[in-house]
Amino acid sequence: MGRLLRGGWPSWLLLLHCHFQVRPALCRSQAHPGFQVLLTASHYWPLEPVDGIHELQETTGDIVEGKVSKGVYLREEKGVTLLYYGRHRTSCLSNPAQCGPEGVTFSFFWKTQGEQSRPTTSAYGGQVVSEGFKICSSGSKGSVELYARDNSMMWEATFSPPGPYWTHILFTWKSKEGLKVYVNGTLSTADPRGKVSHAYGEPSANLVIGSGQDQSRCYENGAFDEFIIWERALMPEEVTMYFRAAVGKHSGPSPTPPSLLATPPASTPVPSDAYCPIITSLTEERRNFQNPAVVLSYLQNVSLSLPDKALSQDTARNLTETFLRTAGELPLLPGWTAVSENAAVVPGLLETVDAVMRHISCNLQAGGSPVAFVGSSSLAEFSVAKLLPKTLNFSHYRFPAQGHSYIEIPHEAFRSHAWTTAVGLLYHTMHRYLRSIRPDSTRIAEAAACQGCLLSAASFLISLEVAPPPTLSQNLSASPLVTVRLVHKLTDRQHRQATNESNRVFLYCAFLDFSSGQGVWSNEGCVLVEGTLGYSVCRCAHLTNFAILMQVVPLELTRGHQVALSSISYIGCSVSVLCLAVTLVTFAMLSSVSAIRNQRYHIHANLSCAILVAQVLLLVSFHCQPGTVPCRVLAVLLHYFFLGAFAWMLVEGLHLYSMVVKVFGSEGSKRRCYYGIGWGLPLLICVLSVSCAVDSYGTGNNCWLSLQSGAIWAFVAPALLVIAVNVGILVAVTRVISQISADSYKVRGDPGAFKLTAKAVAVLLPILGTSWAFGVLAVNHQAVAFQYLFAILNSLQGFFIFLFHCLLNSEVRAAFKHKTKVWSLSSSSGRSALPKPLSSDVMNGTRPGTASSKLGPWDKSSHSAHRVDLSPV
């Protein structure tokens with residue numbers, strides 16, 4: 001048995017390294033390939049025999065360890081036990097900086113006997129420490145630290161500490177790969193880079209077991225066994241092979257117990273009561289569960305400590321129900337959600353459950369007649385059966401017998417005449433904790449094509465294991481094959497993503513492959529034959545844990561289109577910013593002219609200001625990092641000023657409607673209403689949006705509102721309302737202008753009058769914002785033409801406002817000419833008088849006192865339809 005650490009005061013076991021090689025002598029019973037890995041070790045201390053841990057023994061009588069008679073023990077006065085060897089400093093484990101590129105591996109078995117209060121103030125906990133490394137447990141956390149003193153580098157990794165059952169701890173280290181910690185043959189955690197640390201304990205060449213003064217903790221009884229050092233880093237498959245050899249597990253990935261290869265003899269073993277303590281322990285321990293990591297380690301240790309004894313049907317059912325009920329407590333613990341985010345946790349739990357259920361089915365005694373029992377727990381619905389296929393008359397074997405999610409094996413696949421066991425599990429909630437599976441961590445080639453799109457479980461997890469395995473076709477287009485039908489269990493987010501037309505959904509028939517020692521999702525040997533948003537049907541050439549994995553891939557434009565649209569936006573916004581700046585400067589310079597002081601130009605100026613600021617902020621946001629404070633501030637400002645631009649477009653439409661179609665309100669009341677709509681309404685919407693969803697600003701892929709949270713509707717909804725209203729106003733104004741054009745043609749016979757409608761639409765489109773309707777049509781990559789139209793028209797909106805309402809506007813040009821004359825006359829010293837003030841008659845090219853043959857653009861005495869300013873075109 002391993003050296004047990006206990007007593008009323010600290011007892012240390014110091015192992016000073018020796019230098020020897022394990023001699024390659026194995027007995028036939030230890031021909032497991034894992035012992036071939038042990039033969040390559042440089043240091044090996046098996047200590048005393050432990051039930052359940054297989055040691056490397058020789059048949060020649062020599063003891064395979066550091067010293068004859070298992071070392072010389074000397075107990076000193078302070079309770080320190082020393083195990084002396086020579087040349088202890090030759091091991092690179094004492095100084096990792098001296099290790100070659102092959103690295104180093106350290107392995108041992110460890111268990112705790114529980115904690116108890118100590119009458120004295122001193123206390124110690126289980127740990128292993130030397131000059132170069134330290135392994136210790138503290139409450140619910142174990143840790144490994146490895147230190148290289150030559151360059152002051154330290155690597156650290158944490159793991160679940162051992163419980164009251166033997167736990168295998170192994171770590172490997174390479175200078176290029178860093179530290180890796182394996183627990184029970186499976187990679188638990190790693191630290192590939194390390195960090196600089198100039199202070200690391202007291203240098204000592206000794207290997208200390210079970211030391212560490214810590215008065216804040218309780219006394220911990222600990223036991224250790226099988227200390228091994230390899231002066232090279234073992235490969236993951238070697239770690240798994242040695243662990244399986246040490247605990248007596250078969251080396252193959254899915255062992256077939258000999259008792260299943262033939263009909264049990266008449267004298268079957270009597271079921272043992274060896275399982276009663278385990279069932280009792282599971283029941284009692286369940287009441288004390290608090291830390292999920294500790295519970296996982298406990299369940300794994302239970303699966304490894306099951307005795308190789310026969311099971312009666314009642315005991316098998318009792319053990320199954322108790323274990324699944326205990327495992328079902330895990331998702332109910334407070335810290336489970338955080339622990340389950342580790343990609344190895346859920347697969348590790350499933351492997352543990354599979355191991356226990358496999359053990360139960362293999363040791364279940366049939367007694368000459370078929371045995372079967374079913375049931376359900378909070379973790380899973382289960383079924384265990386042991387039968388002779390030739391005695392059953394069925395077309396297929398199905399688990400579960402009822403329900404829309406099931407696995408089905410055709411009868412012709414059962415070709416064995418031996419006793420066959422079948423274990424089925426349908427997990428109720430495990431799919432909820434498989435939400436962020438990285439494509440590069442799977443063996444699904446199709447999913448790896450989009451590395452940034454995570455996979456998630458879209459269905460229940462279902463498992464069926466049959467031994468001996470059924471004979472299935474390896475050709476997925478032939479038969480017999482396993483049929484897997486799974487109903488989808490989508491979350492609200494998954495459903496929104498799947499129904500979004502801008503996304504493409506991929507469904508994969510996946511299973512957990514444990515052949516490498518870790519659970520890796522793969523779709524090898526499975527094909528999806530039918531799939532909808534509600535369910536999927538697969539055909540597979542093997543049995544294991546199955547689930548439907550869903551991957552949502554956004555439909556993106558090709559790189560060429562992205563560059564083209566980005567270039568158009570940059571150039572168009574830059575041109576618009578310049579043109580809007582010129583427009584505002586022009587309006588400011590001509591503000592003293594009476595014709596430019598009217599309400600229409602005030603509205604134009606406010607619209608130009610809103611668009612100018614919005615597009616400047618948009619250009620700046622292209623260079624901000626999403627998620628930063630500047631980006632989030634820019635997102636709020638962009639929201640306000642783009643809403644302001646739409647609000648002033650609405651004001652343009654309402655003012656046009658009041659002047660052309662129906663006159664309403666006084667000038668003063670309309671101005672207050674217009675400013676309230678133009679600047680007040682966007683402010684109100686922004687304040688409400690920020691107060692309700694401040695985390696939705698600038699946290700996505702750009703400095704804008706979040707699409708996932710739905711905050712984008714705080715902009716889209718008002719924008720769509722403005723577009724709808726302005727389109728209606730444009731239709732009403734166009735009808736009036738068309739009627740005037742038709743009347744003019746009848747009276748004057750001028751065919752050019754019909755061009756009035758087209759000219760009016762061209763002038764009004766930029767200020768009414770109706771070109772934003774193309775944004776509604778440009779919803780996915782299939783509408784590339786609409787995306788180009790949207791990018792061109794909206795990035796150049798400022799340019800069109802400058803062109804139609806400043807550069808080509810007759811009133812602005814006339815006012816500019818007048819202002820130019822004023823400036824020229826003011827600068828001339830020979831003139832003492834200024835010209836008369838500009839009047840609308842002068843601007844329209846008529847002499848004072850005479851009637852103008854041309855209607856003024858906003859002449860109230862004329863017909864309302866003639867108020868539309870079409871002079872620029």
# chains A, B, ... in the order shown; residues from 1 in each chain; ligands from 1
>>> residues_around(residues="Asp513 in chain A", least_positions_apart="5", cutoff="12 Å", atoms="only C-alpha atoms", output="list in words")
Pro253, Ser254, Pro347, Gly348, Leu350, Glu351, Ser441, Thr442, Arg443, Ile444, Gln518, Gly519, Val520, Trp521, Ser522, Asn523, Glu524, Gly525, His542, Leu543, Thr544, Asn545 and Phe546 of chain A
>>> residues_around(residues="Gly572 in chain A", least_positions_apart="2", cutoff="12 Å", atoms="only C-alpha atoms", output="ChimeraX atom specification")
/A:564-570,574-580,615-616,618-619,788,790-800
>>> write_last_selection(atoms="N, CA and C atoms", output="compact mmCIF listing (two decimals), in the first residue's frame")
# COMPACT_ATOMS: atom_id res chain seq x y z
N ALA A 564 -15.08 46.73 -52.78
CA ALA A 564 -15.75 47.70 -53.64
C ALA A 564 -16.75 48.54 -52.86
N LEU A 565 -17.59 47.90 -52.06
CA LEU A 565 -18.59 48.65 -51.28
C LEU A 565 -17.92 49.54 -50.25
N SER A 566 -16.85 49.05 -49.64
CA SER A 566 -16.13 49.87 -48.66
C SER A 566 -15.52 51.10 -49.33
N SER A 567 -14.96 50.91 -50.51
CA SER A 567 -14.36 52.04 -51.24
C SER A 567 -15.42 53.06 -51.62
N ILE A 568 -16.57 52.57 -52.09
CA ILE A 568 -17.66 53.48 -52.46
C ILE A 568 -18.11 54.30 -51.25
N SER A 569 -18.23 53.62 -50.10
CA SER A 569 -18.66 54.32 -48.89
C SER A 569 -17.65 55.39 -48.46
N TYR A 570 -16.35 55.02 -48.50
CA TYR A 570 -15.32 55.99 -48.11
C TYR A 570 -15.35 57.21 -49.04
N SER A 574 -16.79 60.97 -48.08
CA SER A 574 -15.84 62.08 -48.12
C SER A 574 -16.34 63.20 -49.02
N VAL A 575 -16.84 62.83 -50.21
CA VAL A 575 -17.39 63.84 -51.13
C VAL A 575 -18.59 64.54 -50.50
N SER A 576 -19.47 63.76 -49.86
CA SER A 576 -20.66 64.34 -49.24
C SER A 576 -20.30 65.31 -48.12
N VAL A 577 -19.30 64.93 -47.30
CA VAL A 577 -18.87 65.81 -46.21
C VAL A 577 -18.37 67.13 -46.76
N LEU A 578 -17.58 67.09 -47.83
CA LEU A 578 -17.08 68.32 -48.45
C LEU A 578 -18.23 69.16 -49.01
N CYS A 579 -19.15 68.50 -49.72
CA CYS A 579 -20.26 69.23 -50.33
C CYS A 579 -21.20 69.82 -49.29
N LEU A 580 -21.47 69.08 -48.23
CA LEU A 580 -22.35 69.59 -47.18
C LEU A 580 -21.71 70.77 -46.45
N GLN A 615 -21.98 61.65 -41.02
CA GLN A 615 -21.01 61.02 -41.92
C GLN A 615 -19.57 61.24 -41.47
N VAL A 616 -19.29 62.36 -40.82
CA VAL A 616 -17.95 62.55 -40.24
C VAL A 616 -17.71 61.52 -39.13
N LEU A 618 -19.17 58.68 -38.87
CA LEU A 618 -19.09 57.36 -39.49
C LEU A 618 -17.68 57.09 -40.01
N LEU A 619 -17.07 58.08 -40.63
CA LEU A 619 -15.70 57.91 -41.12
C LEU A 619 -14.73 57.68 -39.97
N TYR A 788 -25.18 47.88 -53.85
CA TYR A 788 -24.42 48.92 -54.55
C TYR A 788 -25.24 50.19 -54.71
N PHE A 790 -27.65 51.19 -52.78
CA PHE A 790 -27.78 51.78 -51.45
C PHE A 790 -26.50 52.51 -51.06
N ALA A 791 -25.35 51.90 -51.31
CA ALA A 791 -24.07 52.52 -50.96
C ALA A 791 -23.84 53.82 -51.74
N ILE A 792 -24.14 53.79 -53.04
CA ILE A 792 -23.90 54.97 -53.88
C ILE A 792 -24.84 56.11 -53.51
N LEU A 793 -26.14 55.82 -53.47
CA LEU A 793 -27.12 56.88 -53.26
C LEU A 793 -27.01 57.51 -51.87
N ASN A 794 -26.77 56.70 -50.85
CA ASN A 794 -26.76 57.25 -49.50
C ASN A 794 -25.43 57.87 -49.11
N SER A 795 -24.33 57.34 -49.64
CA SER A 795 -23.06 57.99 -49.34
C SER A 795 -22.94 59.32 -50.08
N LEU A 796 -23.67 59.46 -51.19
CA LEU A 796 -23.64 60.71 -51.97
C LEU A 796 -24.85 61.60 -51.72
N GLN A 797 -25.59 61.32 -50.63
CA GLN A 797 -26.77 62.13 -50.34
C GLN A 797 -26.40 63.59 -50.14
N GLY A 798 -25.30 63.84 -49.46
CA GLY A 798 -24.85 65.22 -49.25
C GLY A 798 -24.48 65.90 -50.56
N PHE A 799 -23.88 65.13 -51.47
CA PHE A 799 -23.53 65.70 -52.78
C PHE A 799 -24.78 66.11 -53.55
N PHE A 800 -25.82 65.26 -53.52
CA PHE A 800 -27.05 65.59 -54.25
C PHE A 800 -27.76 66.79 -53.63
>>> residues_around(residues="Ala385 in chain A", least_positions_apart="2", cutoff="6 Å", atoms="only C-alpha atoms", output="ChimeraX atom specification")
/A:371-372,421-422
>>> closest_residue(among="A:Thr186, A:Gln313, A:Thr337, A:Ser303", to="Arg358 in chain A", atoms="only C-alpha atoms")
A:Ser303
>>> residues_around(residues="range 288-290 of chain A", least_positions_apart="4", cutoff="12 Å", atoms="only C-alpha atoms", output="PyMOL selection string")
chain A and resi 139-140+281-284+294-299+326-336
>>> atom_distance(atom1="CA of Ala815 in chain A", atom2="CA of Leu654 in chain A")
26.0 Å
>>> select_by_dssp(residues="range 378-555 of chain A", states="strand (DSSP E or B)", output="count of residues only")
81
>>> residues_around(residues="range 162-168 of chain A", least_positions_apart="2", cutoff="10 Å", atoms="only C-alpha atoms", output="ChimeraX atom specification")
/A:50,52-53,107-114,126,137,140-142,159-160,170,182-186,221-226,243,246-247,294-295,297-302,304-305
>>> select_by_dssp(residues="range 550-595 of chain A", states="helix (DSSP H, G or I)", output="MDAnalysis selection string")
chainID A and resid 559:589 594:595
>>> write_last_selection(atoms="C-alpha atoms", output="PDB file, in the first residue's frame")
ATOM      1  CA  ARG A 559     -13.814  39.850 -50.728  1.00  0.00           C
ATOM      2  CA  GLY A 560     -14.084  41.769 -54.011  1.00  0.00           C
ATOM      3  CA  HIS A 561     -17.586  43.068 -53.247  1.00  0.00           C
ATOM      4  CA  GLN A 562     -16.571  43.990 -49.699  1.00  0.00           C
ATOM      5  CA  VAL A 563     -13.631  46.046 -50.942  1.00  0.00           C
ATOM      6  CA  ALA A 564     -15.746  47.699 -53.639  1.00  0.00           C
ATOM      7  CA  LEU A 565     -18.588  48.645 -51.284  1.00  0.00           C
ATOM      8  CA  SER A 566     -16.134  49.872 -48.663  1.00  0.00           C
ATOM      9  CA  SER A 567     -14.359  52.039 -51.238  1.00  0.00           C
ATOM     10  CA  ILE A 568     -17.664  53.484 -52.458  1.00  0.00           C
ATOM     11  CA  SER A 569     -18.663  54.321 -48.886  1.00  0.00           C
ATOM     12  CA  TYR A 570     -15.324  55.992 -48.114  1.00  0.00           C
ATOM     13  CA  ILE A 571     -15.251  58.054 -51.306  1.00  0.00           C
ATOM     14  CA  GLY A 572     -18.960  58.895 -51.262  1.00  0.00           C
ATOM     15  CA  CYS A 573     -18.953  59.963 -47.604  1.00  0.00           C
ATOM     16  CA  SER A 574     -15.837  62.079 -48.119  1.00  0.00           C
ATOM     17  CA  VAL A 575     -17.387  63.843 -51.130  1.00  0.00           C
ATOM     18  CA  SER A 576     -20.660  64.345 -49.238  1.00  0.00           C
ATOM     19  CA  VAL A 577     -18.865  65.809 -46.213  1.00  0.00           C
ATOM     20  CA  LEU A 578     -17.081  68.320 -48.449  1.00  0.00           C
ATOM     21  CA  CYS A 579     -20.263  69.235 -50.332  1.00  0.00           C
ATOM     22  CA  LEU A 580     -22.354  69.592 -47.176  1.00  0.00           C
ATOM     23  CA  ALA A 581     -19.690  71.827 -45.648  1.00  0.00           C
ATOM     24  CA  VAL A 582     -19.795  74.057 -48.757  1.00  0.00           C
ATOM     25  CA  THR A 583     -23.610  74.071 -48.609  1.00  0.00           C
ATOM     26  CA  LEU A 584     -23.672  75.215 -44.979  1.00  0.00           C
ATOM     27  CA  VAL A 585     -21.039  77.882 -45.620  1.00  0.00           C
ATOM     28  CA  THR A 586     -23.058  79.131 -48.620  1.00  0.00           C
ATOM     29  CA  PHE A 587     -26.289  79.310 -46.637  1.00  0.00           C
ATOM     30  CA  ALA A 588     -24.462  81.176 -43.838  1.00  0.00           C
ATOM     31  CA  MET A 589     -22.909  83.681 -46.249  1.00  0.00           C
ATOM     32  CA  SER A 594     -34.281  87.804 -47.736  1.00  0.00           C
ATOM     33  CA  ALA A 595     -34.889  84.963 -50.168  1.00  0.00           C
TER      34      ALA A 595
END
>>> atom_distance(atom1="CA of Trp704 in chain A", atom2="CA of Leu555 in chain A")
19.5 Å
>>> residues_around(residues="range 401-409 of chain A", least_positions_apart="3", cutoff="6 Å", atoms="only C-alpha atoms", output="PyMOL selection string")
chain A and resi 396-398+482-487
>>> write_last_selection(atoms="N, CA, C and O atoms", output="mmCIF file, in the first residue's frame")
data_model
loop_
_atom_site.group_PDB
_atom_site.id
_atom_site.type_symbol
_atom_site.label_atom_id
_atom_site.label_comp_id
_atom_site.auth_asym_id
_atom_site.auth_seq_id
_atom_site.Cartn_x
_atom_site.Cartn_y
_atom_site.Cartn_z
ATOM 1 N N HIS A 396 -36.322 -4.790 -35.580
ATOM 2 C CA HIS A 396 -35.258 -3.865 -35.209
ATOM 3 C C HIS A 396 -35.243 -3.720 -33.687
ATOM 4 O O HIS A 396 -36.232 -4.008 -33.008
ATOM 5 N N TYR A 397 -34.091 -3.287 -33.171
ATOM 6 C CA TYR A 397 -33.968 -2.951 -31.752
ATOM 7 C C TYR A 397 -33.948 -1.438 -31.660
ATOM 8 O O TYR A 397 -33.156 -0.765 -32.316
ATOM 9 N N ARG A 398 -34.809 -0.910 -30.795
ATOM 10 C CA ARG A 398 -34.938 0.549 -30.697
ATOM 11 C C ARG A 398 -34.806 0.995 -29.254
ATOM 12 O O ARG A 398 -35.340 0.362 -28.342
ATOM 13 N N VAL A 482 -27.228 1.980 -38.651
ATOM 14 C CA VAL A 482 -27.972 2.474 -37.496
ATOM 15 C C VAL A 482 -28.724 3.735 -37.904
ATOM 16 O O VAL A 482 -28.176 4.606 -38.592
ATOM 17 N N THR A 483 -29.984 3.833 -37.496
ATOM 18 C CA THR A 483 -30.785 5.038 -37.736
ATOM 19 C C THR A 483 -30.875 5.837 -36.442
ATOM 20 O O THR A 483 -31.242 5.294 -35.393
ATOM 21 N N VAL A 484 -30.511 7.093 -36.523
ATOM 22 C CA VAL A 484 -30.583 7.991 -35.367
ATOM 23 C C VAL A 484 -31.529 9.128 -35.716
ATOM 24 O O VAL A 484 -31.264 9.895 -36.655
ATOM 25 N N ARG A 485 -32.612 9.239 -34.990
ATOM 26 C CA ARG A 485 -33.569 10.336 -35.194
ATOM 27 C C ARG A 485 -33.621 11.169 -33.915
ATOM 28 O O ARG A 485 -33.888 10.649 -32.836
ATOM 29 N N LEU A 486 -33.366 12.459 -34.052
ATOM 30 C CA LEU A 486 -33.316 13.340 -32.896
ATOM 31 C C LEU A 486 -34.154 14.590 -33.143
ATOM 32 O O LEU A 486 -34.011 15.251 -34.178
ATOM 33 N N VAL A 487 -35.024 14.879 -32.195
ATOM 34 C CA VAL A 487 -35.824 16.105 -32.248
ATOM 35 C C VAL A 487 -34.956 17.261 -31.756
ATOM 36 O O VAL A 487 -34.225 17.136 -30.772
#
